[in-house]
Amino acid sequence: MRTLARRIGGVAPVPAVAAGLIAVLVGVTSSAAIVFTAAEAAGASSGEIASWMLALGVGMAVTCVGLSLRYRAPVVTAWSTPGAALLAVGLDGVTMAQAVGAFLFSAALITLSGVTGWFERVMDRVPVPLAAGLLAGVLLQFGVGLFTSMEDDFAVVAAMFAAYLLSRRWLPRYAVILSLAAGAAAAAARGTLDLGGVRPALAAPVFVVPEFSWQVLVSVGVPLFVVTMASQNLPGVAVLRNDGYRVPVSPVIGWTGATNMVLAPFGCFGMNLAAITAAICTGPQAHPDPDRRYLAGVWAGVFYLCVGVFGATVASLLAALPATLVLGIAGIGLLGTIGGSLASALSDERSREAAVVTFLATASGFTLLGVGSAFWGLVAGVLTLVVTVPRRGARGGEASPGRGPEA
């Protein structure tokens with residue numbers, strides 16, 4: 001029995017399984033409604049909507065498990081949330097066949113970005129403090145959400161936070177999962193957690209023959225590619241590198257794009273490296289040993305497969321979970337990552353101001369030309385760094401860079 005328990009603990013350590021579960025829980029509950037809205041905008045039937053969830057779940061399962069095992073790193077993928085938001089507006093009046101054609105076109109561009117290696121070359125030139133500032137800005141809303149959610153349901157979130165603090169003192173490895181259990185118990189006691197209406201139902205794949213319309217490719221396919229790369233893959237790479245995982249970017253991006261292409265006719269509109277949910281699996285809360293955190297990525301893939309197979313039940317499950325519980329556990333699970341990102345962003349005095357600009361611009365959440373703040377935050381940070389920090393040997397190099405103007 002001890003040998004069996006040891007083997008189970010080796011492939012399914014509780015912190016890694018919990019991190020994978022929470023990552024999927026946060027990812028699905030925070031944006032599944034947007035995916036449903038996007039599918040409905042294209043006139044999808046209930047069967048086609050379930051097929052979308054199945055295709056996305058299978059795609060994320062294959063890439064999470066395969067890439068995490070291949071590189072022994074917690075590589076977590078996700079559907080493109082800003083892409084889904086774009087589709088919810090851009091697919092109005094577009095047929096399902098034309099939409100699938102746009103999905104294929106966007107996926108082909110992502111695959112090309114990975115094969116050619118241009119995206120990795122761009123990422124290699126991003127200073128670490130700016131990447132850390134970008135990540136902190138992306139995650140800030142979730143850290144703040146831990147406390148703003150107390151205004152709506154103080155009992156549930158306070159119980160979670162109290163359980164987290166006590167667990168951090170005596171059972172640090174299980175702090176996040178015990179916080180989730182405390183929140184679920186508090187929500188059940190208050191009557192806000194009702195699983196009675198959830199009925200399991202299997203999703204079936206629905207194949208749609210793609211139709212290529214140049215107007216739809218330009219108005220939907222190209223913007224979908226841009227927002228997926230700039231708003232999702234960019235911070236996704238930053239998450240991995242911030243926690244010390246030097247995963248080769250080009251093949252990872254290439255595999256997500258190729259998988260997307262195969263599954264696009266079934267409704268897989270956009271896949272990319274995860275950022276927010278990945279941070280749950282790359283930090284110390286996933287496993288005290290960085291070399292074992294890849295198991296969190298594997299288990300995230302397993303849970304994503306379950307989401308896809310039972311895609312027809314996702315809507316009812318979303319209705320059963322209180323929003324405050326999801327916000328609270330997301331904030332708790334990301335506390336360590338937010339702290340580490342801020343420390344890394346501010347560690348170098350020369351680039352500190354640029355990192356702060358990156359952090360603030362990213363956290364602002366503004367969009368321009370349909371591209372999210374993660375991209376523009378990085379642009380603002382790089383511009384600040386170029387203008388305010390002189391190159392070595394340049395005239396005026398004796399000035400103290402990185403400091404603001406004297407008061």
# chains A, B, ... in the order shown; residues from 1 in each chain; ligands from 1
$ residues_around --residues "Val356 (chain A)" --least-positions-apart "6" --cutoff "10 Å" --atoms "only C-alpha atoms" --output "PyMOL selection string"
chain A and resi 129-130+132-134+136-137+342+345-346+362+377+381+384
$ residues_around --residues "region 281-296 of chain A" --least-positions-apart "4" --cutoff "7 Å" --atoms "only C-alpha atoms" --output "ChimeraX atom specification"
/A:15-17,19-20,68,72-74,173,240,243,300,337
$ write_last_selection --atoms "N, CA and C atoms" --output "tab-separated table (two decimals), in the first residue's frame"
chain	number	residue	atom	x	y	z
A	15	PRO	N	-0.65	19.34	-4.48
A	15	PRO	CA	-0.53	20.74	-4.94
A	15	PRO	C	-0.62	20.88	-6.45
A	16	ALA	N	-0.01	19.95	-7.19
A	16	ALA	CA	-0.04	20.03	-8.65
A	16	ALA	C	-1.44	19.78	-9.20
A	17	VAL	N	-2.12	18.77	-8.65
A	17	VAL	CA	-3.49	18.48	-9.08
A	17	VAL	C	-4.40	19.67	-8.76
A	19	ALA	N	-3.51	22.82	-8.40
A	19	ALA	CA	-3.17	23.94	-9.27
A	19	ALA	C	-3.79	23.76	-10.65
A	20	GLY	N	-3.72	22.53	-11.19
A	20	GLY	CA	-4.33	22.26	-12.49
A	20	GLY	C	-5.82	22.45	-12.47
A	68	SER	N	3.82	19.84	-21.85
A	68	SER	CA	4.36	19.78	-20.49
A	68	SER	C	5.27	18.57	-20.31
A	72	ARG	N	9.11	19.15	-19.88
A	72	ARG	CA	9.20	19.04	-18.43
A	72	ARG	C	9.04	20.43	-17.77
A	73	ALA	N	8.06	21.15	-18.26
A	73	ALA	CA	7.74	22.48	-17.75
A	73	ALA	C	6.22	22.63	-17.77
A	74	PRO	N	5.66	23.44	-16.88
A	74	PRO	CA	4.20	23.60	-16.83
A	74	PRO	C	3.68	24.47	-17.97
A	173	ARG	N	1.83	23.81	1.68
A	173	ARG	CA	1.69	23.10	0.41
A	173	ARG	C	0.23	22.96	-0.02
A	240	LEU	N	6.05	32.04	-18.25
A	240	LEU	CA	7.02	30.94	-18.18
A	240	LEU	C	8.41	31.45	-17.84
A	243	ASP	N	9.12	32.63	-14.18
A	243	ASP	CA	9.35	31.58	-13.19
A	243	ASP	C	10.52	30.67	-13.57
A	300	ALA	N	-3.79	20.02	-15.63
A	300	ALA	CA	-4.66	21.02	-16.26
A	300	ALA	C	-5.21	20.46	-17.57
A	337	THR	N	2.74	34.74	-7.27
A	337	THR	CA	3.22	35.12	-8.60
A	337	THR	C	3.23	36.63	-8.77
$ residues_around --residues "region 268-272 of chain A" --least-positions-apart "5" --cutoff "8 Å" --atoms "only C-alpha atoms" --output "PyMOL selection string"
chain A and resi 52-53+55-56+59-60+77-80+83-84+100+103-104+106-107+224+228-229+232-233+253+256-257+260+263
$ residues_around --residues "Val382 (chain A)" --least-positions-apart "6" --cutoff "10 Å" --atoms "only C-alpha atoms" --output "list in words"
Val126, Pro127, Leu130, Ser351, Ala354, Ala355, Val357, Thr358, Trp376 and Thr388 of chain A
$ residues_around --residues "Leu21 (chain A)" --least-positions-apart "3" --cutoff "8 Å" --atoms "only C-alpha atoms" --output "ChimeraX atom specification"
/A:17-18,24-25,299-300,303
$ write_last_selection --atoms "N, CA and C atoms" --output "PDB file, in the first residue's frame"
ATOM      1  N   VAL A  17      -2.119  18.767  -8.651  1.00  0.00           N
ATOM      2  CA  VAL A  17      -3.491  18.483  -9.080  1.00  0.00           C
ATOM      3  C   VAL A  17      -4.399  19.667  -8.755  1.00  0.00           C
ATOM      4  N   ALA A  18      -4.233  20.235  -7.565  1.00  0.00           N
ATOM      5  CA  ALA A  18      -5.044  21.389  -7.168  1.00  0.00           C
ATOM      6  C   ALA A  18      -4.783  22.577  -8.076  1.00  0.00           C
ATOM      7  N   VAL A  24      -7.985  25.475 -14.501  1.00  0.00           N
ATOM      8  CA  VAL A  24      -9.099  25.196 -15.396  1.00  0.00           C
ATOM      9  C   VAL A  24     -10.372  25.858 -14.889  1.00  0.00           C
ATOM     10  N   LEU A  25     -10.597  25.802 -13.596  1.00  0.00           N
ATOM     11  CA  LEU A  25     -11.786  26.413 -13.010  1.00  0.00           C
ATOM     12  C   LEU A  25     -11.820  27.912 -13.305  1.00  0.00           C
ATOM     13  N   TRP A 299      -2.004  17.917 -15.397  1.00  0.00           N
ATOM     14  CA  TRP A 299      -3.327  17.773 -14.795  1.00  0.00           C
ATOM     15  C   TRP A 299      -4.299  18.835 -15.295  1.00  0.00           C
ATOM     16  N   ALA A 300      -3.793  20.016 -15.631  1.00  0.00           N
ATOM     17  CA  ALA A 300      -4.659  21.015 -16.261  1.00  0.00           C
ATOM     18  C   ALA A 300      -5.215  20.460 -17.570  1.00  0.00           C
ATOM     19  N   PHE A 303      -8.019  17.953 -16.843  1.00  0.00           N
ATOM     20  CA  PHE A 303      -9.276  18.608 -16.470  1.00  0.00           C
ATOM     21  C   PHE A 303      -9.899  19.333 -17.659  1.00  0.00           C
TER      22      PHE A 303
END
$ residues_around --residues "Ala187 (chain A)" --least-positions-apart "2" --cutoff "9 Å" --atoms "only C-alpha atoms" --output "PyMOL selection string"
chain A and resi 155-156+182-185+189-194+321-322+325
$ select_by_dssp --residues "region 283-372 of chain A" --states "helix (DSSP H, G or I)" --output "PyMOL selection string"
chain A and resi 290-292+294-309+311-320+323-333+335-345+352-364
$ closest_atom_pairs --of "region 75-158 of chain A" --to "region 275-278 of chain A" --cutoff "9 Å" --atoms "only C-alpha atoms" --output "JSON lines"
{"residue": "A:Val75", "atom": "CA", "partner": "A:Ala278", "partner_atom": "CA", "distance": 7.2}
{"residue": "A:Val76", "atom": "CA", "partner": "A:Ala278", "partner_atom": "CA", "distance": 5.3}
{"residue": "A:Thr77", "atom": "CA", "partner": "A:Ala278", "partner_atom": "CA", "distance": 7.5}
{"residue": "A:Ala78", "atom": "CA", "partner": "A:Thr277", "partner_atom": "CA", "distance": 8.2}
{"residue": "A:Leu135", "atom": "CA", "partner": "A:Ala275", "partner_atom": "CA", "distance": 8.0}
{"residue": "A:Val138", "atom": "CA", "partner": "A:Ile276", "partner_atom": "CA", "distance": 7.3}
{"residue": "A:Leu139", "atom": "CA", "partner": "A:Ile276", "partner_atom": "CA", "distance": 6.3}
{"residue": "A:Phe142", "atom": "CA", "partner": "A:Ile276", "partner_atom": "CA", "distance": 8.8}
$ closest_residue --among "A:Ala175, A:Gly365, A:Pro265, A:Arg352" --to "Leu385 (chain A)" --atoms "only C-alpha atoms"
A:Arg352
$ closest_residue --among "A:Phe266, A:Trp255, A:Phe310, A:Tyr245" --to "Ile110 (chain A)" --atoms "only C-alpha atoms"
A:Trp255
$ residues_around --residues "Val206 (chain A)" --least-positions-apart "2" --cutoff "7 Å" --atoms "only C-alpha atoms" --output "ChimeraX atom specification"
/A:48,51,204,208,266
$ write_last_selection --atoms "all heavy atoms" --output "compact mmCIF listing (two decimals), in the first residue's frame"
# COMPACT_ATOMS: atom_id res chain seq x y z
N GLU A 48 -23.67 22.56 -32.03
CA GLU A 48 -22.43 23.18 -32.49
C GLU A 48 -21.70 23.90 -31.35
O GLU A 48 -20.47 23.89 -31.29
CB GLU A 48 -22.72 24.15 -33.63
CG GLU A 48 -23.08 23.45 -34.93
CD GLU A 48 -23.54 24.41 -36.02
OE1 GLU A 48 -24.13 25.45 -35.66
OE2 GLU A 48 -23.34 24.12 -37.21
N SER A 51 -19.97 21.32 -29.54
CA SER A 51 -18.82 20.89 -30.33
C SER A 51 -17.66 21.88 -30.17
O SER A 51 -16.50 21.47 -30.14
CB SER A 51 -19.21 20.78 -31.81
OG SER A 51 -18.10 20.39 -32.60
N ALA A 204 -20.81 16.03 -28.67
CA ALA A 204 -20.47 15.30 -29.90
C ALA A 204 -19.85 16.27 -30.90
O ALA A 204 -20.29 17.42 -31.02
CB ALA A 204 -21.73 14.67 -30.49
N VAL A 208 -17.80 21.25 -39.68
CA VAL A 208 -18.31 22.30 -40.56
C VAL A 208 -17.30 22.51 -41.69
O VAL A 208 -16.12 22.77 -41.42
CB VAL A 208 -18.51 23.62 -39.79
CG1 VAL A 208 -18.95 24.73 -40.74
CG2 VAL A 208 -19.55 23.44 -38.68
N PHE A 266 -14.22 21.93 -36.18
CA PHE A 266 -15.14 21.50 -35.12
C PHE A 266 -15.45 22.63 -34.13
O PHE A 266 -16.19 22.41 -33.17
CB PHE A 266 -14.54 20.31 -34.37
CG PHE A 266 -14.26 19.13 -35.25
CD1 PHE A 266 -12.98 18.90 -35.74
CD2 PHE A 266 -15.27 18.25 -35.62
CE1 PHE A 266 -12.70 17.82 -36.57
CE2 PHE A 266 -15.01 17.16 -36.45
CZ PHE A 266 -13.72 16.95 -36.93
$ closest_residue --among "A:Val157, A:Gly57, A:Gly372, A:Met261" --to "Ser231 (chain A)" --atoms "only C-alpha atoms"
A:Gly372
$ closest_residue --among "A:Pro82, A:Pro248, A:Gly114, A:Gly27" --to "Thr367 (chain A)" --atoms "only C-alpha atoms"
A:Pro82
$ closest_residue --among "A:Ala181, A:Leu217, A:Val326, A:Val115" --to "Val249 (chain A)" --atoms "only C-alpha atoms"
A:Val115
$ decode --residues "region 267-378 of chain A" --atoms "C-alpha atoms" --output "mmCIF file, in the first residue's frame"
data_model
loop_
_atom_site.group_PDB
_atom_site.id
_atom_site.type_symbol
_atom_site.label_atom_id
_atom_site.label_comp_id
_atom_site.auth_asym_id
_atom_site.auth_seq_id
_atom_site.Cartn_x
_atom_site.Cartn_y
_atom_site.Cartn_z
ATOM 1 C CA GLY A 267 -15.166 24.960 -33.490
ATOM 2 C CA CYS A 268 -11.652 25.496 -32.106
ATOM 3 C CA PHE A 269 -11.459 29.202 -32.923
ATOM 4 C CA GLY A 270 -8.183 30.125 -31.198
ATOM 5 C CA MET A 271 -5.602 28.469 -28.947
ATOM 6 C CA ASN A 272 -2.589 30.040 -27.311
ATOM 7 C CA LEU A 273 -0.270 29.954 -24.334
ATOM 8 C CA ALA A 274 -2.189 30.741 -21.174
ATOM 9 C CA ALA A 275 -1.100 33.678 -19.031
ATOM 10 C CA ILE A 276 -3.291 34.109 -15.964
ATOM 11 C CA THR A 277 -4.157 30.435 -15.550
ATOM 12 C CA ALA A 278 -0.591 29.396 -16.396
ATOM 13 C CA ALA A 279 0.714 31.512 -13.526
ATOM 14 C CA ILE A 280 -1.262 29.299 -11.153
ATOM 15 C CA CYS A 281 0.718 26.283 -12.394
ATOM 16 C CA THR A 282 4.198 27.817 -12.672
ATOM 17 C CA GLY A 283 4.538 29.209 -9.150
ATOM 18 C CA PRO A 284 5.504 27.550 -5.861
ATOM 19 C CA GLN A 285 1.865 26.879 -4.990
ATOM 20 C CA ALA A 286 1.833 24.212 -7.735
ATOM 21 C CA HIS A 287 4.777 22.292 -6.240
ATOM 22 C CA PRO A 288 7.737 23.246 -4.027
ATOM 23 C CA ASP A 289 10.096 21.650 -6.561
ATOM 24 C CA PRO A 290 10.202 23.656 -9.840
ATOM 25 C CA ASP A 291 11.208 20.498 -11.711
ATOM 26 C CA ARG A 292 7.948 18.815 -10.691
ATOM 27 C CA ARG A 293 5.573 21.644 -11.573
ATOM 28 C CA TYR A 294 5.140 20.275 -15.065
ATOM 29 C CA LEU A 295 2.652 17.863 -13.470
ATOM 30 C CA ALA A 296 0.352 20.829 -12.839
ATOM 31 C CA GLY A 297 0.318 21.456 -16.590
ATOM 32 C CA VAL A 298 -0.425 17.787 -17.240
ATOM 33 C CA TRP A 299 -3.327 17.773 -14.795
ATOM 34 C CA ALA A 300 -4.659 21.015 -16.261
ATOM 35 C CA GLY A 301 -4.831 19.150 -19.572
ATOM 36 C CA VAL A 302 -6.684 16.259 -17.959
ATOM 37 C CA PHE A 303 -9.276 18.608 -16.470
ATOM 38 C CA TYR A 304 -9.614 20.505 -19.762
ATOM 39 C CA LEU A 305 -10.393 17.201 -21.461
ATOM 40 C CA CYS A 306 -13.171 16.633 -18.945
ATOM 41 C CA VAL A 307 -14.522 20.115 -19.681
ATOM 42 C CA GLY A 308 -14.530 19.367 -23.397
ATOM 43 C CA VAL A 309 -16.135 15.933 -23.153
ATOM 44 C CA PHE A 310 -18.863 17.287 -20.869
ATOM 45 C CA GLY A 311 -19.085 20.609 -22.714
ATOM 46 C CA ALA A 312 -22.878 20.512 -22.715
ATOM 47 C CA THR A 313 -22.917 20.802 -18.920
ATOM 48 C CA VAL A 314 -20.535 23.781 -18.649
ATOM 49 C CA ALA A 315 -23.290 26.390 -18.762
ATOM 50 C CA SER A 316 -25.253 24.823 -15.910
ATOM 51 C CA LEU A 317 -22.088 24.400 -13.850
ATOM 52 C CA LEU A 318 -21.184 28.057 -14.360
ATOM 53 C CA ALA A 319 -24.545 29.044 -12.986
ATOM 54 C CA ALA A 320 -23.959 26.937 -9.864
ATOM 55 C CA LEU A 321 -20.648 28.534 -8.843
ATOM 56 C CA PRO A 322 -20.794 31.924 -7.148
ATOM 57 C CA ALA A 323 -18.681 34.510 -8.952
ATOM 58 C CA THR A 324 -17.139 35.632 -5.666
ATOM 59 C CA LEU A 325 -15.755 32.139 -5.046
ATOM 60 C CA VAL A 326 -14.030 32.118 -8.434
ATOM 61 C CA LEU A 327 -12.621 35.626 -7.971
ATOM 62 C CA GLY A 328 -11.409 34.798 -4.490
ATOM 63 C CA ILE A 329 -9.589 31.582 -5.348
ATOM 64 C CA ALA A 330 -8.012 33.193 -8.431
ATOM 65 C CA GLY A 331 -6.632 36.026 -6.305
ATOM 66 C CA ILE A 332 -5.334 33.681 -3.608
ATOM 67 C CA GLY A 333 -3.715 31.350 -6.131
ATOM 68 C CA LEU A 334 -1.850 34.241 -7.767
ATOM 69 C CA LEU A 335 -0.584 36.113 -4.686
ATOM 70 C CA GLY A 336 2.881 34.559 -4.861
ATOM 71 C CA THR A 337 3.215 35.125 -8.597
ATOM 72 C CA ILE A 338 2.156 38.767 -8.350
ATOM 73 C CA GLY A 339 4.687 39.366 -5.578
ATOM 74 C CA GLY A 340 7.482 37.689 -7.498
ATOM 75 C CA SER A 341 6.657 39.618 -10.664
ATOM 76 C CA LEU A 342 6.729 42.972 -8.886
ATOM 77 C CA ALA A 343 10.028 42.120 -7.207
ATOM 78 C CA SER A 344 11.576 41.175 -10.554
ATOM 79 C CA ALA A 345 10.154 44.236 -12.301
ATOM 80 C CA LEU A 346 11.634 46.639 -9.737
ATOM 81 C CA SER A 347 14.947 44.887 -9.141
ATOM 82 C CA ASP A 348 16.987 46.825 -11.730
ATOM 83 C CA GLU A 349 17.161 50.564 -11.060
ATOM 84 C CA ARG A 350 18.058 51.352 -14.672
ATOM 85 C CA SER A 351 14.843 49.862 -16.049
ATOM 86 C CA ARG A 352 12.616 50.434 -13.024
ATOM 87 C CA GLU A 353 10.695 53.357 -14.469
ATOM 88 C CA ALA A 354 10.099 51.536 -17.750
ATOM 89 C CA ALA A 355 8.898 48.473 -15.831
ATOM 90 C CA VAL A 356 6.475 50.621 -13.836
ATOM 91 C CA VAL A 357 5.130 52.154 -17.050
ATOM 92 C CA THR A 358 4.668 48.655 -18.478
ATOM 93 C CA PHE A 359 2.887 47.542 -15.319
ATOM 94 C CA LEU A 360 0.528 50.536 -15.176
ATOM 95 C CA ALA A 361 -0.313 50.545 -18.885
ATOM 96 C CA THR A 362 -0.997 46.805 -18.862
ATOM 97 C CA ALA A 363 -3.076 47.000 -15.685
ATOM 98 C CA SER A 364 -5.174 49.827 -17.168
ATOM 99 C CA GLY A 365 -6.935 47.358 -19.456
ATOM 100 C CA PHE A 366 -7.256 49.791 -22.356
ATOM 101 C CA THR A 367 -7.510 48.598 -25.954
ATOM 102 C CA LEU A 368 -6.415 50.297 -29.156
ATOM 103 C CA LEU A 369 -7.073 49.094 -32.700
ATOM 104 C CA GLY A 370 -8.640 45.966 -31.228
ATOM 105 C CA VAL A 371 -5.407 44.985 -29.441
ATOM 106 C CA GLY A 372 -5.377 44.587 -25.673
ATOM 107 C CA SER A 373 -3.339 46.398 -23.042
ATOM 108 C CA ALA A 374 -0.729 43.627 -22.654
ATOM 109 C CA PHE A 375 0.725 44.533 -26.042
ATOM 110 C CA TRP A 376 0.463 48.286 -25.624
ATOM 111 C CA GLY A 377 1.868 48.107 -22.109
ATOM 112 C CA LEU A 378 4.980 46.453 -23.474
#
